[in-house]
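Just below is one structure, and these are the notes that go with it.
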Amino acid sequence: MFKFKEANFEQEYNNECAKGIIRPANFHRQNFSILGNFQVLDAPIRKYTYFAKAAMISCAVSALIILSLGLYHGILIRDIPFITEVGTYCIVMSYKIIILMCTKLNVYDYHQLQHIMKENFLYACTTGERYRKRFFYNQIFTRKICKLTLVFTSGVAVGMMSFGVFSLLFYLATHSQGEGKRPLLFPFWCFNIDFGASPVYEITFFYSCMCIFAYAINYTFMILTEIMWIREITTKADIVIWSIRDLMDGIQPTQDKREERFFDATLKTRLSEIVKHHQSMHRLLKHYAKVYKKLLMFEQKISAPVVCLSAYSCYVTSGDGEFNAVLLLLCVAAIILLFIPSYLCTILSMKVSSICYACWDTPFWNASPVVRPYLVLIMQRSLRPLPLTVPGFEEVSVQTFSKKMASAYSMFNMLRQINI
């Protein structure tokens with residue numbers, strides 16, 4: 001997905017990870033700080049986070065109520081461009097509320113992620129020292145992806161607020177006082193309130209910026225935690241694969257009963273460790289599914305409507321001589337941010353199933369039959385589908401993402417051609 005210079009990995013590894021016990025909270029300091037801000041960190045809750053979380057909830061609920069009023073007004077007057085724009089923001093704000101609900105209902109699952117991360121880091125620094133470099137290369141790669149995602153999501157928020165400010169400056173430069181309406185970031189409507197008059201306009205503009213800022217923080221938490229979670233599952237799968245590949249090291253066919261008993265005991269010890277890692281990986285996957293399954297299914301249902309409605313609203317406003325840069329940026333960002341979990345889940349599925357191929361590639365014929373039942377059980381468990389499927393929904397994958405984008409394009413063309 002991303003390519004980084006090998007020298008940078010080597011330098012970071014030598015500076016931070018080559019020696020001693022590394023703690024995940026120190027290594028992924030940025031991600032763990034975000035977990036603490038959303039009260040899902042396995043540590044005492046900081047007092048200021050109550051205010052921050054209450055502010056985000058109030059922004060989401062109040063914005064959704066005002067936008068719902070606007071949607072109702074648009075339906076009454078049958079203003080299709082207005083309905084599509086307001087509908088897009090209603091869907092986006094609803095998603096924010098679902099994300100915040102997960103931070104309250106699934107705290108235990110977030111804690112389990114942190115516990116298993118601690119186990120993995122401790123294993124790589126002690127018992128699994130031979131895998132230390134490969135393990136921390138994966139962790140460094142995860143950290144770099146998270147940093148890029150953080151920059152992107154922050155850039156989208158800054159871009160949306162900047163476009164709003166530039167639109168206002170352009171209006172002030174090209175319109176005389178009292179001519180037309182000053183532009184807002186969101187299409188608000190609330191009965192007899194004039195959102196273009198002072199001081200209502202200034203308050204609403206500031207409120208809109210706060211909503212964008214709060215949503216950016218909320219979505220950043222969701223996507224960064226998801227990336228870290230999936231990458232941790234794939235790293236756990238890598239540990240299983242590395243251990244399977246090293247399973248037969250020092251094991252060879254023998255007719256000596258004493259040597260055979262020694263080899264069998266060695267294999268059982270190694271296999272017990274592999275099975276423990278494999279079970280831990282599936283526990284982590286189960287906790288991931290509890291948190292993100294509902295979010296992924298919601299994304300799957302809303303992805304096509306959000307992209308279609310935002311694109312259509314931009315198309316209609318451009319036909320009227322306007323340029324809705326905020327909505328266009330939201331459309332592009334939605335496509336990219338919907339692609340990320342689809343890609344990651346595809347990689348996750350391939351990584352889990354690759355454990356089966358690692359078992360098959362093991363020279364098990366050099367050992368006694370004691371090893372074969374273990375390998376068969378691991379292979380059968382690895383071939384099961386991921387616990388991310390729900391009846392009535394498609395699997396989360398790049399293929400499904402492409403289908404949804406094709407559906408969005410078809411709906412966009414339909415709306416454009418019927419010219420309501």
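So you can find residues: chains in the structure tokens are A, B, ... in the order shown, residues in each start at 1, and ligands are numbered from 1 in order.
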
List as a PDB file with N, CA, C and O atoms, in the first residue's frame the protein and nucleic acid residues near region 151-153 of chain A, meaning an atom at most 9 Å away when only C-alpha atoms are counted, but skip any in the same chain fewer than 5 places from it.
```
ATOM      1  N   CYS A 146      -0.230   5.183  10.197  1.00  0.00           N
ATOM      2  CA  CYS A 146      -1.086   5.987  11.084  1.00  0.00           C
ATOM      3  C   CYS A 146      -0.753   7.467  10.975  1.00  0.00           C
ATOM      4  O   CYS A 146      -1.654   8.313  10.982  1.00  0.00           O
ATOM      5  N   VAL A 158      -8.944  20.798   7.850  1.00  0.00           N
ATOM      6  CA  VAL A 158      -8.399  22.136   7.620  1.00  0.00           C
ATOM      7  C   VAL A 158      -8.836  22.660   6.257  1.00  0.00           C
ATOM      8  O   VAL A 158      -9.185  23.843   6.103  1.00  0.00           O
ATOM      9  N   ALA A 216     -13.598  15.579  12.681  1.00  0.00           N
ATOM     10  CA  ALA A 216     -12.265  15.136  12.251  1.00  0.00           C
ATOM     11  C   ALA A 216     -11.565  14.366  13.366  1.00  0.00           C
ATOM     12  O   ALA A 216     -10.947  13.317  13.130  1.00  0.00           O
ATOM     13  N   ILE A 217     -11.664  14.866  14.606  1.00  0.00           N
ATOM     14  CA  ILE A 217     -11.064  14.160  15.744  1.00  0.00           C
ATOM     15  C   ILE A 217     -11.723  12.793  15.923  1.00  0.00           C
ATOM     16  O   ILE A 217     -11.049  11.774  16.138  1.00  0.00           O
ATOM     17  N   TYR A 219     -13.390  10.917  13.699  1.00  0.00           N
ATOM     18  CA  TYR A 219     -13.088   9.976  12.616  1.00  0.00           C
ATOM     19  C   TYR A 219     -11.613   9.557  12.653  1.00  0.00           C
ATOM     20  O   TYR A 219     -11.287   8.405  12.330  1.00  0.00           O
ATOM     21  N   THR A 220     -10.741  10.472  13.054  1.00  0.00           N
ATOM     22  CA  THR A 220      -9.323  10.121  13.180  1.00  0.00           C
ATOM     23  C   THR A 220      -9.136   9.017  14.204  1.00  0.00           C
ATOM     24  O   THR A 220      -8.365   8.070  13.988  1.00  0.00           O
ATOM     25  N   ALA A 333     -12.651  12.726  -0.022  1.00  0.00           N
ATOM     26  CA  ALA A 333     -12.177  12.140   1.234  1.00  0.00           C
ATOM     27  C   ALA A 333     -12.963  10.885   1.581  1.00  0.00           C
ATOM     28  O   ALA A 333     -12.395   9.903   2.082  1.00  0.00           O
ATOM     29  N   LEU A 337     -11.234   7.352   2.294  1.00  0.00           N
ATOM     30  CA  LEU A 337     -11.357   6.792   3.641  1.00  0.00           C
ATOM     31  C   LEU A 337     -12.232   5.548   3.677  1.00  0.00           C
ATOM     32  O   LEU A 337     -12.134   4.738   4.600  1.00  0.00           O
TER      33      LEU A 337
END
```

Please, which residues in region 117-144 of chain A fall within 8 Å of region 12-31 of chain A when counting only C-alpha atoms, and what is the closest atom pair and distance in Å to one decimal for each, ordered by chain then residue number, as CSV?
```
residue,atom,partner,partner_atom,distance
A:Met117,CA,A:Pro24,CA,6.6
A:Lys118,CA,A:Pro24,CA,6.2
A:Phe121,CA,A:Ile22,CA,6.5
A:Leu122,CA,A:Ile21,CA,6.8
A:Cys125,CA,A:Ile21,CA,5.6
A:Thr126,CA,A:Ile21,CA,7.9
A:Arg132,CA,A:Ala18,CA,8.0
A:Lys133,CA,A:Ala18,CA,7.5
A:Phe136,CA,A:Cys17,CA,6.9
A:Tyr137,CA,A:Tyr13,CA,7.2
A:Ile140,CA,A:Glu12,CA,7.7
A:Arg143,CA,A:His28,CA,6.8
```

Residues as selected, N, CA, C and O atoms, written as an mmCIF file, in the first residue's frame, can you do that?
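Printed below is again23.cif as written:
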```cif
data_model
loop_
_atom_site.group_PDB
_atom_site.id
_atom_site.type_symbol
_atom_site.label_atom_id
_atom_site.label_comp_id
_atom_site.auth_asym_id
_atom_site.auth_seq_id
_atom_site.Cartn_x
_atom_site.Cartn_y
_atom_site.Cartn_z
ATOM 1 N N MET A 117 -1.662 -6.485 22.639
ATOM 2 C CA MET A 117 -0.491 -5.754 22.144
ATOM 3 C C MET A 117 0.662 -5.857 23.138
ATOM 4 O O MET A 117 1.823 -6.035 22.747
ATOM 5 N N LYS A 118 0.350 -5.742 24.432
ATOM 6 C CA LYS A 118 1.390 -5.886 25.453
ATOM 7 C C LYS A 118 2.009 -7.279 25.401
ATOM 8 O O LYS A 118 3.231 -7.437 25.528
ATOM 9 N N PHE A 121 4.352 -7.464 22.274
ATOM 10 C CA PHE A 121 5.605 -6.719 22.459
ATOM 11 C C PHE A 121 6.524 -7.456 23.435
ATOM 12 O O PHE A 121 7.737 -7.533 23.211
ATOM 13 N N LEU A 122 5.946 -7.973 24.514
ATOM 14 C CA LEU A 122 6.758 -8.704 25.487
ATOM 15 C C LEU A 122 7.349 -9.969 24.869
ATOM 16 O O LEU A 122 8.517 -10.305 25.102
ATOM 17 N N CYS A 125 10.250 -9.188 22.598
ATOM 18 C CA CYS A 125 11.432 -8.703 23.321
ATOM 19 C C CYS A 125 12.062 -9.770 24.207
ATOM 20 O O CYS A 125 13.158 -9.558 24.741
ATOM 21 N N THR A 126 11.375 -10.904 24.409
ATOM 22 C CA THR A 126 11.904 -11.938 25.313
ATOM 23 C C THR A 126 11.956 -13.296 24.604
ATOM 24 O O THR A 126 12.939 -13.621 23.949
ATOM 25 N N ARG A 132 12.415 -10.476 16.629
ATOM 26 C CA ARG A 132 12.323 -9.088 17.102
ATOM 27 C C ARG A 132 12.378 -8.083 15.954
ATOM 28 O O ARG A 132 11.544 -7.169 15.875
ATOM 29 N N LYS A 133 13.349 -8.235 15.083
ATOM 30 C CA LYS A 133 13.524 -7.253 14.017
ATOM 31 C C LYS A 133 12.339 -7.240 13.074
ATOM 32 O O LYS A 133 11.817 -6.168 12.726
ATOM 33 N N PHE A 136 9.245 -5.631 14.861
ATOM 34 C CA PHE A 136 9.255 -4.178 15.001
ATOM 35 C C PHE A 136 9.278 -3.461 13.659
ATOM 36 O O PHE A 136 8.870 -2.302 13.574
ATOM 37 N N TYR A 137 9.714 -4.132 12.607
ATOM 38 C CA TYR A 137 9.544 -3.549 11.275
ATOM 39 C C TYR A 137 8.055 -3.393 10.972
ATOM 40 O O TYR A 137 7.633 -2.383 10.407
ATOM 41 N N ILE A 140 6.785 -0.446 13.060
ATOM 42 C CA ILE A 140 7.222 0.837 12.494
ATOM 43 C C ILE A 140 6.388 1.174 11.269
ATOM 44 O O ILE A 140 5.981 2.333 11.077
ATOM 45 N N ARG A 143 3.053 2.421 12.401
ATOM 46 C CA ARG A 143 3.147 3.792 12.900
ATOM 47 C C ARG A 143 3.226 4.797 11.767
ATOM 48 O O ARG A 143 2.614 5.875 11.831
#
```

If you count only C-alpha atoms, which residues fall within 12 Å of Ile302 (chain A), apart from same-chain ones fewer than 5 positions away, as a VMD selection string?
chain A and resid 87 to 95 295 to 297 307 to 310 334 to 335 338 401 404 to 405 407 to 408

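Counting from CA of Tyr215 (chain A), the distance to CA of Ile34 (chain A) is 13.9 Å.
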
Phe38 (chain A) surroundings by only C-alpha atoms, 7 Å radius, close-in-sequence under 6 positions cut, as a PDB file with C-alpha atoms, in the first residue's frame:
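Output file part.pdb follows:
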```
ATOM      1  CA  THR A  49     -11.914  13.918  28.523  1.00  0.00           C
ATOM      2  CA  LYS A  53     -16.501  13.822  24.810  1.00  0.00           C
ATOM      3  CA  THR A 103     -16.531   4.028  22.730  1.00  0.00           C
TER       4      THR A 103
END
```

Run DSSP on the backbone and give me the residues of region 78-196 of chain A it puts in alpha helix (DSSP H), as an NGL selection string.
:A and (80-105 or 107-125 or 132-174)

Would you mind telling me which residue in A:Phe191, A:Tyr312, A:Phe213, A:Tyr288 lies nearest to Ala55 (chain A) when using only C-alpha atoms?
A:Phe213

May I have a table of the residues of region 127-206 of chain A lying at most 10 Å from region 222-238 of chain A, giving each one's closest pair of atoms and their distance in Å to one decimal, counting only C-alpha atoms, ordered by chain and ascending residue number, as JSON lines?
```
{"residue": "A:Tyr131", "atom": "CA", "partner": "A:Asp238", "partner_atom": "CA", "distance": 9.8}
{"residue": "A:Arg134", "atom": "CA", "partner": "A:Asp238", "partner_atom": "CA", "distance": 9.1}
{"residue": "A:Phe135", "atom": "CA", "partner": "A:Thr235", "partner_atom": "CA", "distance": 7.1}
{"residue": "A:Phe136", "atom": "CA", "partner": "A:Thr235", "partner_atom": "CA", "distance": 9.5}
{"residue": "A:Asn138", "atom": "CA", "partner": "A:Thr235", "partner_atom": "CA", "distance": 6.8}
{"residue": "A:Gln139", "atom": "CA", "partner": "A:Arg231", "partner_atom": "CA", "distance": 8.1}
{"residue": "A:Phe141", "atom": "CA", "partner": "A:Arg231", "partner_atom": "CA", "distance": 9.2}
{"residue": "A:Thr142", "atom": "CA", "partner": "A:Met228", "partner_atom": "CA", "distance": 6.5}
{"residue": "A:Arg143", "atom": "CA", "partner": "A:Met228", "partner_atom": "CA", "distance": 8.1}
{"residue": "A:Ile145", "atom": "CA", "partner": "A:Ile227", "partner_atom": "CA", "distance": 8.0}
{"residue": "A:Cys146", "atom": "CA", "partner": "A:Leu224", "partner_atom": "CA", "distance": 5.8}
{"residue": "A:Lys147", "atom": "CA", "partner": "A:Leu224", "partner_atom": "CA", "distance": 8.7}
{"residue": "A:Leu148", "atom": "CA", "partner": "A:Leu224", "partner_atom": "CA", "distance": 10.0}
{"residue": "A:Thr149", "atom": "CA", "partner": "A:Leu224", "partner_atom": "CA", "distance": 7.2}
{"residue": "A:Leu150", "atom": "CA", "partner": "A:Leu224", "partner_atom": "CA", "distance": 7.5}
{"residue": "A:Thr153", "atom": "CA", "partner": "A:Ile223", "partner_atom": "CA", "distance": 9.3}
```

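The gap separating CA of Thr317 (chain A) from CA of Ser410 (chain A) is 19.6 Å, in Å to one decimal.
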
Could you give me, as CSV, a per-residue list for region 86-173 of chain A showing, wherever an atom lies at most 12 Å from an atom of region 257-276 of chain A, the closest pair of atoms and their distance in Å to one decimal, using only C-alpha atoms and sorting by chain then residue number from low to high?
```
residue,atom,partner,partner_atom,distance
A:Ile116,CA,A:Lys276,CA,11.8
A:Glu119,CA,A:Lys276,CA,11.4
A:Asn120,CA,A:Lys276,CA,11.7
A:Tyr123,CA,A:Glu273,CA,11.0
A:Thr127,CA,A:Glu273,CA,10.5
A:Gly128,CA,A:Glu273,CA,10.6
```
